>>> print(open('query.pdb').read())   # PDB, C-alpha atoms
ATOM      1  CA  MET A1419      -7.631 140.658-133.139
ATOM      2  CA  ILE A1420      -8.139 143.657-135.366
ATOM      3  CA  PRO A1421     -10.303 142.793-138.397
ATOM      4  CA  ALA A1422      -8.668 142.885-141.811
ATOM      5  CA  LEU A1423     -11.681 142.459-144.064
ATOM      6  CA  LEU A1424     -15.363 143.180-143.869
ATOM      7  CA  LEU A1425     -17.686 141.133-146.028
ATOM      8  CA  ILE A1426     -21.058 142.669-146.687
ATOM      9  CA  GLY A1427     -23.745 140.908-148.672
ATOM     10  CA  ILE A1428     -27.217 142.294-148.966
ATOM     11  CA  GLY A1429     -30.086 141.300-151.206
ATOM     12  CA  TRP A1430     -31.433 138.300-153.002
ATOM     13  CA  GLN A1431     -29.337 135.157-152.403
ATOM     14  CA  ARG A1432     -26.489 137.466-151.331
ATOM     15  CA  ARG A1433     -24.715 136.351-154.489
ATOM     16  CA  LEU A1434     -21.739 138.625-154.213
ATOM     17  CA  PRO A1435     -20.599 139.652-150.763
ATOM     18  CA  VAL A1436     -18.595 142.841-151.143
ATOM     19  CA  PRO A1437     -15.210 142.726-149.433
ATOM     20  CA  ILE A1438     -14.175 145.959-147.755
ATOM     21  CA  PRO A1439     -10.445 146.075-147.038
ATOM     22  CA  LEU A1440     -10.331 147.220-143.447
ATOM     23  CA  PHE A1441      -6.599 146.599-143.332
ATOM     24  CA  LEU A1442      -6.173 149.834-145.275
ATOM     25  CA  LEU A1443      -7.417 151.594-142.157
ATOM     26  CA  TRP A1444      -4.885 149.924-139.888
ATOM     27  CA  PRO A1445      -2.433 152.862-140.014
ATOM     28  CA  VAL A1446      -5.278 155.187-138.972
ATOM     29  CA  ALA A1447      -6.214 152.854-136.138
ATOM     30  CA  PHE A1448      -2.579 152.651-135.084
ATOM     31  CA  LEU A1449      -2.330 156.430-134.953
ATOM     32  CA  ALA A1450      -5.622 156.641-133.047
ATOM     33  CA  VAL A1451      -4.346 154.154-130.469
ATOM     34  CA  LEU A1452      -1.081 156.059-130.082
ATOM     35  CA  ALA A1453      -2.854 159.388-129.689
ATOM     36  CA  THR A1454      -5.441 158.012-127.258
ATOM     37  CA  GLY A1455      -2.776 156.242-125.227
ATOM     38  CA  ALA A1456      -0.753 159.439-124.982
ATOM     39  CA  VAL A1457      -3.783 161.457-123.862
ATOM     40  CA  GLN A1458      -4.799 158.858-121.278
ATOM     41  CA  LEU A1459      -1.243 158.590-119.988
ATOM     42  CA  THR A1460      -1.082 162.336-119.533
ATOM     43  CA  ARG A1461      -4.370 162.219-117.627
ATOM     44  CA  ARG A1462      -3.006 159.496-115.383
ATOM     45  CA  LEU A1463       0.138 161.484-114.668
ATOM     46  CA  ASN A1464      -1.831 164.603-113.850
ATOM     47  CA  ARG A1465      -4.436 162.795-111.765
ATOM     48  CA  PRO A1466      -2.844 159.660-110.299
ATOM     49  CA  ALA A1467      -5.992 158.812-108.364
ATOM     50  CA  ALA A1468      -8.087 158.599-111.511
ATOM     51  CA  GLU A1469      -8.348 155.098-112.922
ATOM     52  CA  THR A1470      -8.475 155.763-116.624
ATOM     53  CA  PRO A1471      -7.899 152.819-118.945
ATOM     54  CA  LEU A1472      -5.185 153.328-121.561
ATOM     55  CA  LEU A1473      -7.542 152.217-124.305
ATOM     56  CA  PRO A1474     -11.151 153.452-124.107
ATOM     57  CA  ALA A1475     -13.851 150.802-124.436
ATOM     58  CA  PRO A1476     -15.082 151.848-127.914
ATOM     59  CA  LEU A1477     -11.574 151.609-129.330
ATOM     60  CA  GLU A1478     -11.041 148.306-127.543
ATOM     61  CA  ALA A1479     -14.262 147.002-129.074
ATOM     62  CA  LEU A1480     -12.937 147.894-132.524
ATOM     63  CA  PHE A1481     -10.019 145.551-131.940
ATOM     64  CA  GLN A1482     -12.295 142.683-130.882
ATOM     65  CA  LEU A1483     -14.531 142.767-133.929
ATOM     66  CA  SER A1484     -12.682 140.060-135.804
ATOM     67  CA  GLY A1485     -14.893 136.994-136.152
ATOM     68  CA  LEU A1486     -18.163 138.808-135.646
ATOM     69  CA  ARG A1487     -20.695 137.410-138.104
ATOM     70  CA  LEU A1488     -24.292 138.295-138.667
ATOM     71  CA  ASP A1489     -26.083 136.081-141.137
ATOM     72  CA  VAL A1490     -29.776 136.539-141.816
ATOM     73  CA  ARG A1491     -31.687 134.653-144.498
ATOM     74  CA  THR A1492     -35.346 135.112-145.069
ATOM     75  CA  HIS A1493     -37.637 132.494-146.507
ATOM     76  CA  ASP A1494     -37.996 134.400-149.788
ATOM     77  CA  GLY A1495     -34.275 134.211-150.511
ATOM     78  CA  THR A1496     -33.091 137.650-149.484
ATOM     79  CA  GLY A1497     -30.669 138.129-146.689
ATOM     80  CA  VAL A1498     -27.931 140.088-145.017
ATOM     81  CA  LEU A1499     -24.400 139.009-144.287
ATOM     82  CA  VAL A1500     -21.992 141.099-142.246
ATOM     83  CA  TRP A1501     -18.765 139.355-141.426
ATOM     84  CA  PHE A1502     -15.623 140.822-139.946
ATOM     85  CA  LEU A1503     -12.597 138.690-140.869
TER      86      LEU A1503
ATOM     87  CA  MET B 291     -20.164  99.611-107.353
ATOM     88  CA  PRO B 292     -18.827 102.206-104.874
ATOM     89  CA  ALA B 293     -15.678 104.092-105.772
ATOM     90  CA  GLU B 294     -13.675 102.775-102.824
ATOM     91  CA  ASP B 295     -14.518  99.164-103.697
ATOM     92  CA  LEU B 296     -13.412  99.671-107.250
ATOM     93  CA  TYR B 297     -10.107 101.100-106.168
ATOM     94  CA  ILE B 298      -9.503  98.303-103.654
ATOM     95  CA  LEU B 299     -10.465  95.679-106.216
ATOM     96  CA  GLU B 300      -8.030  97.202-108.670
ATOM     97  CA  THR B 301      -5.109  97.357-106.237
ATOM     98  CA  GLU B 302      -5.734  93.756-105.130
ATOM     99  CA  THR B 303      -5.848  92.328-108.611
ATOM    100  CA  SER B 304      -2.916  94.342-109.810
ATOM    101  CA  SER B 305      -0.536  92.456-107.517
ATOM    102  CA  LYS B 306      -1.427  89.150-109.181
ATOM    103  CA  GLU B 307      -1.895  90.301-112.725
ATOM    104  CA  PRO B 308       0.370  92.194-115.088
ATOM    105  CA  PRO B 309       0.946  95.881-114.231
ATOM    106  CA  MET B 310      -2.060  98.167-114.468
ATOM    107  CA  SER B 311      -2.513  99.685-117.890
ATOM    108  CA  ALA B 312      -2.380 103.423-118.305
ATOM    109  CA  GLU B 313      -6.042 103.537-119.340
ATOM    110  CA  ARG B 314      -7.143 101.584-116.278
ATOM    111  CA  ARG B 315      -5.064 103.793-114.012
ATOM    112  CA  GLN B 316      -6.513 106.899-115.624
ATOM    113  CA  VAL B 317     -10.071 105.691-115.118
ATOM    114  CA  LEU B 318      -9.392 104.989-111.446
ATOM    115  CA  GLU B 319      -7.678 108.298-110.950
ATOM    116  CA  MET B 320     -10.603 110.151-112.477
ATOM    117  CA  LEU B 321     -12.960 108.173-110.288
ATOM    118  CA  ALA B 322     -10.924 108.993-107.196
ATOM    119  CA  GLN B 323     -10.956 112.667-108.155
ATOM    120  CA  GLY B 324     -14.704 112.557-108.606
ATOM    121  CA  LYS B 325     -14.544 113.513-112.291
ATOM    122  CA  ILE B 326     -16.609 110.485-113.293
ATOM    123  CA  THR B 327     -19.262 108.562-111.442
ATOM    124  CA  PRO B 328     -18.706 104.982-110.220
ATOM    125  CA  GLU B 329     -21.191 103.796-112.847
ATOM    126  CA  ASP B 330     -19.159 105.477-115.589
ATOM    127  CA  ALA B 331     -15.978 103.929-114.223
ATOM    128  CA  ASP B 332     -17.660 100.523-114.097
ATOM    129  CA  ARG B 333     -18.665 100.780-117.721
ATOM    130  CA  LEU B 334     -15.204 102.002-118.740
ATOM    131  CA  LEU B 335     -13.493  99.162-116.924
ATOM    132  CA  ASP B 336     -15.896  96.707-118.521
ATOM    133  CA  LYS B 337     -14.963  98.113-121.891
ATOM    134  CA  LEU B 338     -11.296  97.754-121.068
ATOM    135  CA  ASP B 339     -11.868  94.188-119.856
ATOM    136  CA  ALA B 340     -13.684  93.400-123.080
ATOM    137  CA  GLY B 341     -10.260  93.490-124.658
ATOM    138  CA  ALA B 342      -9.880  96.681-126.580
ATOM    139  CA  PRO B 343      -6.557  96.504-128.422
ATOM    140  CA  PRO B 344      -3.842  98.602-126.789
ATOM    141  CA  ALA B 345      -3.346 101.882-128.568
ATOM    142  CA  PRO B 346       0.002 103.581-129.045
ATOM    143  CA  ASP B 347      -1.256 106.536-127.046
ATOM    144  CA  ALA B 348      -2.979 104.952-124.111
ATOM    145  CA  ALA B 349      -3.845 108.235-122.429
ATOM    146  CA  ALA B 350      -5.582 109.518-125.546
ATOM    147  CA  THR B 351      -7.568 106.311-125.862
ATOM    148  CA  GLY B 352      -8.600 106.470-122.225
ATOM    149  CA  LEU B 353      -9.757 110.036-122.584
ATOM    150  CA  LYS B 354     -11.684 109.197-125.741
ATOM    151  CA  MET B 355     -13.454 106.364-123.955
ATOM    152  CA  ILE B 356     -14.219 108.563-120.980
ATOM    153  CA  ARG B 357     -15.750 111.136-123.302
ATOM    154  CA  GLU B 358     -17.817 108.415-124.956
ATOM    155  CA  VAL B 359     -19.148 107.109-121.662
ATOM    156  CA  THR B 360     -19.679 110.369-119.839
ATOM    157  CA  GLY B 361     -20.788 112.297-122.907
ATOM    158  CA  SER B 362     -18.397 115.088-122.007
ATOM    159  CA  GLY B 363     -17.457 115.438-125.684
ATOM    160  CA  ASP B 364     -20.715 117.305-126.228
ATOM    161  CA  ARG B 365     -19.948 119.906-123.596
ATOM    162  CA  ALA B 366     -18.684 123.380-124.318
ATOM    163  CA  PRO B 367     -14.984 123.606-125.096
ATOM    164  CA  ALA B 368     -12.614 124.615-122.313
ATOM    165  CA  ASN B 369     -11.876 127.955-123.935
ATOM    166  CA  PRO B 370     -14.877 129.047-125.951
ATOM    167  CA  LYS B 371     -14.190 131.837-128.413
ATOM    168  CA  PHE B 372     -17.606 132.712-129.747
ATOM    169  CA  LEU B 373     -21.144 133.130-128.573
ATOM    170  CA  ARG B 374     -23.512 131.677-131.157
ATOM    171  CA  VAL B 375     -27.139 132.590-131.575
ATOM    172  CA  GLN B 376     -29.141 130.535-134.069
ATOM    173  CA  VAL B 377     -32.754 131.165-134.856
ATOM    174  CA  ASP B 378     -34.790 128.993-137.212
ATOM    175  CA  SER B 379     -38.265 130.298-137.633
ATOM    176  CA  SER B 380     -41.107 128.114-138.779
ATOM    177  CA  ASP B 381     -41.678 130.247-141.890
ATOM    178  CA  GLY B 382     -38.125 129.650-143.146
ATOM    179  CA  ASP B 383     -36.240 132.688-141.868
ATOM    180  CA  LYS B 384     -32.839 131.916-140.439
ATOM    181  CA  VAL B 385     -30.599 134.048-138.260
ATOM    182  CA  ASN B 386     -27.076 133.006-137.436
ATOM    183  CA  ILE B 387     -25.007 135.300-135.253
ATOM    184  CA  ARG B 388     -21.489 134.670-134.043
ATOM    185  CA  VAL B 389     -20.095 137.142-131.528
ATOM    186  CA  PRO B 390     -16.506 136.924-130.276
ATOM    187  CA  LEU B 391     -16.532 136.542-126.501
ATOM    188  CA  ALA B 392     -13.807 139.175-126.245
ATOM    189  CA  LEU B 393     -16.267 141.608-127.790
ATOM    190  CA  VAL B 394     -18.900 140.610-125.240
ATOM    191  CA  ARG B 395     -16.378 141.379-122.507
ATOM    192  CA  THR B 396     -15.707 144.801-123.995
ATOM    193  CA  GLY B 397     -19.416 145.324-124.522
ATOM    194  CA  VAL B 398     -19.966 144.956-120.808
ATOM    195  CA  LYS B 399     -17.606 147.863-120.261
ATOM    196  CA  LEU B 400     -19.544 149.824-122.873
ATOM    197  CA  SER B 401     -22.734 149.301-120.899
ATOM    198  CA  ALA B 402     -21.329 151.768-118.365
ATOM    199  CA  MET B 403     -21.522 154.407-121.110
ATOM    200  CA  MET B 404     -25.222 153.860-121.636
ATOM    201  CA  PRO B 405     -27.222 157.118-121.627
ATOM    202  CA  LYS B 406     -28.890 157.921-118.341
ATOM    203  CA  ASP B 407     -32.361 157.910-119.923
ATOM    204  CA  ALA B 408     -31.863 154.404-121.255
ATOM    205  CA  SER B 409     -30.631 153.143-117.878
ATOM    206  CA  GLU B 410     -33.645 154.684-116.141
ATOM    207  CA  THR B 411     -36.058 153.157-118.630
ATOM    208  CA  LEU B 412     -34.460 149.770-118.121
ATOM    209  CA  SER B 413     -34.576 150.054-114.351
ATOM    210  CA  GLU B 414     -38.280 150.954-114.591
ATOM    211  CA  LYS B 415     -38.746 147.661-116.405
ATOM    212  CA  GLY B 416     -36.843 145.891-113.648
ATOM    213  CA  ILE B 417     -33.560 145.465-115.482
ATOM    214  CA  ASP B 418     -30.503 146.648-113.590
ATOM    215  CA  LEU B 419     -27.317 146.726-115.663
ATOM    216  CA  SER B 420     -25.276 148.670-113.131
ATOM    217  CA  ASN B 421     -23.691 145.527-111.714
ATOM    218  CA  LEU B 422     -22.512 144.404-115.132
ATOM    219  CA  SER B 423     -19.686 146.918-115.275
ATOM    220  CA  SER B 424     -18.288 145.650-111.977
ATOM    221  CA  LEU B 425     -18.201 142.110-113.338
ATOM    222  CA  LYS B 426     -14.720 140.963-114.243
ATOM    223  CA  GLY B 427     -14.234 139.729-117.788
ATOM    224  CA  GLU B 428     -13.093 136.267-116.785
ATOM    225  CA  GLU B 429     -16.117 135.800-114.522
ATOM    226  CA  LEU B 430     -18.384 136.545-117.422
ATOM    227  CA  ILE B 431     -16.599 134.111-119.728
ATOM    228  CA  GLU B 432     -16.695 131.490-116.977
ATOM    229  CA  ALA B 433     -20.417 132.003-116.610
ATOM    230  CA  LEU B 434     -21.013 131.882-120.351
ATOM    231  CA  ARG B 435     -18.925 128.751-120.876
ATOM    232  CA  ASP B 436     -21.676 126.342-119.926
ATOM    233  CA  LEU B 437     -24.488 128.466-121.265
ATOM    234  CA  THR B 438     -26.845 126.576-123.528
ATOM    235  CA  VAL B 439     -30.294 127.816-124.377
ATOM    236  CA  ASP B 440     -32.531 125.621-126.479
ATOM    237  CA  VAL B 441     -36.017 126.858-127.222
ATOM    238  CA  ASN B 442     -38.445 124.914-129.379
ATOM    239  CA  SER B 443     -41.758 126.663-129.646
ATOM    240  CA  SER B 444     -44.984 124.921-130.485
ATOM    241  CA  ASP B 445     -45.254 126.697-133.839
ATOM    242  CA  GLY B 446     -41.863 125.371-134.958
ATOM    243  CA  ASP B 447     -39.543 128.235-134.117
ATOM    244  CA  LYS B 448     -36.164 127.170-132.769
ATOM    245  CA  VAL B 449     -33.712 129.313-130.843
ATOM    246  CA  ARG B 450     -30.315 128.065-129.798
ATOM    247  CA  ILE B 451     -27.707 130.019-127.840
ATOM    248  CA  PHE B 452     -24.397 128.447-126.950
ATOM    249  CA  CYS B 453     -20.650 129.025-126.780
ATOM    250  CA  GLU B 454     -18.165 127.362-129.099
TER     251      GLU B 454
END
>>> encode(input="query.pdb", output="structure tokens")
Amino acid sequence: MIPALLLIGIGWQRRLPVPIPLFLLWPVAFLAVLATGAVQLTRRLNRPAAETPLLPAPLEALFQLSGLRLDVRTHDGTGVLVWFL
Amino acid sequence: MPAEDLYILETETSSKEPPMSAERRQVLEMLAQGKITPEDADRLLDKLDAGAPPAPDAAATGLKMIREVTGSGDRAPANPKFLRVQVDSSDGDKVNIRVPLALVRTGVKLSAMMPKDASETLSEKGIDLSNLSSLKGEELIEALRDLTVDVNSSDGDKVRIFCE
């Protein structure tokens, strides 16, 4: 699932994780997928033998980021939180 | 008690006694299919004989009891979604990482895009990632499903890797 929000918290006690609205980038991602799909489809039509995936791996990875969480807390109270929601 | 004996015993007694309960039938079926050991079945049947009150959903009760006896409730779920990595160091640092398995699957494809230098360096160290890209996604998930790594070092560090 494509992530809608990215929470980033860095520093002491990570008191205020900053939400970054990734859903605002959804139209851009949609256009990127359309453009990439069109290019790959053209490649397939021109070279039928070539096995090119419709969605390249990096773009596919972008869609699978939802749920990824990295939570680090050090003993002195600082830490890092990166959470794709 | 051997599985065959249990089954025979059950079919013999069932002709004299009231019809076999759903839980009892389920236990015997699982025993016949080899999903539980005869010892587990023995214990389950003993529990049933001890007179557990009949539940409205007999199948659910039977399954719950089977999980209790076999301990299968602690196993990884049938369809794990995340790979969890937990590190508790002795000096108080904690790392908690949750990676979607779908991302792991895609990451395997990305390994094919690794720079040539990096691949060569890895192969010099004896690590060959070339076969990873030929691995099908479902095979990887299947392999990861039962993965559990528990490391407890002598100085108190704990590392736990599992799927959930």
>>> residues_around(input="query.pdb", residues="Met1419 in chain A", least_positions_apart="4", cutoff="8 Å", atoms="all atoms listed in the file", output="number ranges by chain")
A: 1481-1484
>>> resolve_selection(input="query.pdb", expression="the PyMOL selection byres ((chain A) within 10 of (chain B))", output="PDB file with C-alpha atoms, in the coordinates of the input")
ATOM      1  CA  MET A1419      -7.631 140.658-133.139  1.00  0.00           C
ATOM      2  CA  PRO A1474     -11.151 153.452-124.107  1.00  0.00           C
ATOM      3  CA  ALA A1475     -13.851 150.802-124.436  1.00  0.00           C
ATOM      4  CA  PRO A1476     -15.082 151.848-127.914  1.00  0.00           C
ATOM      5  CA  LEU A1477     -11.574 151.609-129.330  1.00  0.00           C
ATOM      6  CA  GLU A1478     -11.041 148.306-127.543  1.00  0.00           C
ATOM      7  CA  ALA A1479     -14.262 147.002-129.074  1.00  0.00           C
ATOM      8  CA  LEU A1480     -12.937 147.894-132.524  1.00  0.00           C
ATOM      9  CA  PHE A1481     -10.019 145.551-131.940  1.00  0.00           C
ATOM     10  CA  GLN A1482     -12.295 142.683-130.882  1.00  0.00           C
ATOM     11  CA  LEU A1483     -14.531 142.767-133.929  1.00  0.00           C
ATOM     12  CA  SER A1484     -12.682 140.060-135.804  1.00  0.00           C
ATOM     13  CA  GLY A1485     -14.893 136.994-136.152  1.00  0.00           C
ATOM     14  CA  LEU A1486     -18.163 138.808-135.646  1.00  0.00           C
ATOM     15  CA  ARG A1487     -20.695 137.410-138.104  1.00  0.00           C
ATOM     16  CA  LEU A1488     -24.292 138.295-138.667  1.00  0.00           C
ATOM     17  CA  ASP A1489     -26.083 136.081-141.137  1.00  0.00           C
ATOM     18  CA  VAL A1490     -29.776 136.539-141.816  1.00  0.00           C
ATOM     19  CA  ARG A1491     -31.687 134.653-144.498  1.00  0.00           C
ATOM     20  CA  THR A1492     -35.346 135.112-145.069  1.00  0.00           C
ATOM     21  CA  HIS A1493     -37.637 132.494-146.507  1.00  0.00           C
ATOM     22  CA  ASP A1494     -37.996 134.400-149.788  1.00  0.00           C
ATOM     23  CA  GLY A1495     -34.275 134.211-150.511  1.00  0.00           C
ATOM     24  CA  THR A1496     -33.091 137.650-149.484  1.00  0.00           C
ATOM     25  CA  GLY A1497     -30.669 138.129-146.689  1.00  0.00           C
ATOM     26  CA  VAL A1498     -27.931 140.088-145.017  1.00  0.00           C
ATOM     27  CA  LEU A1499     -24.400 139.009-144.287  1.00  0.00           C
ATOM     28  CA  VAL A1500     -21.992 141.099-142.246  1.00  0.00           C
ATOM     29  CA  TRP A1501     -18.765 139.355-141.426  1.00  0.00           C
TER      30      TRP A1501
END
>>> atom_distance(input="query.pdb", atom1="CA of Phe1502 in chain A", atom2="CA of Leu1425 in chain A")
6.4 Å
>>> residues_near_point(input="query.pdb", point="(-9.3, 143.8, -150.6)", cutoff="12 Å", atoms="only C-alpha atoms", output="PyMOL selection string")
chain A and resi 1422-1425+1436-1443+1503
>>> resolve_selection(input="query.pdb", expression="the PyMOL selection byres ((chain B and resi 370) around 10)", output="PyMOL selection string")
chain B and resi 366-369+371-373+390-391+431-432+434-436+452-454
>>> axis_aligned_box(input="query.pdb", around="range 429-446 of chain B", padding_each_side="6 Å", output="lines of an AutoDock Vina configuration file")
center_x = -30.7
center_y = 130.7
center_z = -124.7
size_x = 41.1
size_y = 23.6
size_z = 32.4
>>> atom_distance(input="query.pdb", atom1="CA of Asn421 in chain B", atom2="CA of Leu1473 in chain A")
21.5 Å
>>> atom_distance(input="query.pdb", atom1="CA of Ile417 in chain B", atom2="CA of Leu437 in chain B")
20.1 Å
